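S.K.: I'd like to ask you about the structure that follows.
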Amino acid sequence: MKREAIREFFRRLAEANPHPTTELEYGTPYQLLVAVVLSAQATDKSVNLATRKLFAAAPTPEAMITLGEEGVAEHIKTIGLFRNKARNTVALSRQLLERHGGEVPHDRAALEALPGVGRKTANVVLNTVFGDPVMAVDTHIFRLSNRTGLAPGKDVLAVEQALMHRVPKDYLKDAHHWLILHGRYVCTARKPNCAACIVRDLCEFRDKTA
DNA sequence: ATCCCGAGGG
DNA sequence: CCCTCTGGAT
């Protein structure tokens, strides 16, 4: 996709949704961090169902440690990968208390050192909690970036770097949520709804059936 | 490259 | 039935 097409691409997404945000439900930065860890290979909807119960029982890192792995697991059993996620949630809460006074650090290396937190989750937290202009490349953004020709790349890191170079600076902070939402509701994995797509004419894929 | 792993959609 | 969902650790 050419420069001018890319600018027009984001101009339209911005016009359609001026203030994009996450669909994960949370009350504090700590809760957002936990929700993002739980969201790996799971839908936001299923995560929200679980975190309503989980955060009511344990809204803080201290309470999460008291609840314990088994207690956390009981609340999140309906999400895939729940045993790993329960273990990571408790371990991550301990590390926040031991190293960061119970607060979510505004620091990539510190975030990635937390159990269950990799580059993608760290980027979501940096962007959503702190408003940093970074791109978290998840399954939606990877697919959409390659399919449309917006920012092709062979792996998620290549796509992230391509996006950082190609997305106009003034759109970078909001680009993450625009792309997630467009991928979730229009540019879907199996049968993209090209007929309803507002950037269809800019796309290198359009409604090819491949 | 493989494992983890439930729910919803098609 | 198979595929997908805001991945990370080994």
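In the structure tokens, each chain is lettered A, B, ... as it comes, each chain's residues begin at 1, and ligands are numbered from 1 in order of appearance.
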Could you list, as a PyMOL selection string, every residue of chain C that has an atom within 7 Å of an atom of chain A, counting only C-alpha atoms (C1' of nucleotides)?
M.R.: chain C and resi 5-8
S.K.: How close does each residue of chain A get to chain B, giving the shortest atom pair and distance in Å to one decimal for every residue with an atom at most 6 Å away, counting only C-alpha atoms (C1' of nucleotides), sorted by chain and residue number, as CSV?
M.R.:
```
residue,atom,partner,partner_atom,distance
A:Thr78,CA,B:DG6,C1',5.3
A:Ile79,CA,B:DG6,C1',5.0
A:Gly80,CA,B:DC5,C1',4.2
A:Leu81,CA,B:DC5,C1',4.5
```
S.K.: Give me the residues near Asn127 (chain A) as a ChimeraX atom specification, where near means some atom within 12 Å (using only C-alpha atoms (C1' of nucleotides)) and where sequence neighbours in that chain fewer than 3 positions away do not count.
M.R.: /A:20-22,29,32-33,106-108,120-124,130-137,172-177
S.K.: Taking the DSSP assignment computed from this structure's backbone, write out as a PyMOL selection string all residues of region 52-101 of chain A that belong to helix (DSSP H, G or I).
M.R.: chain A and resi 52-57+61-76+82-100
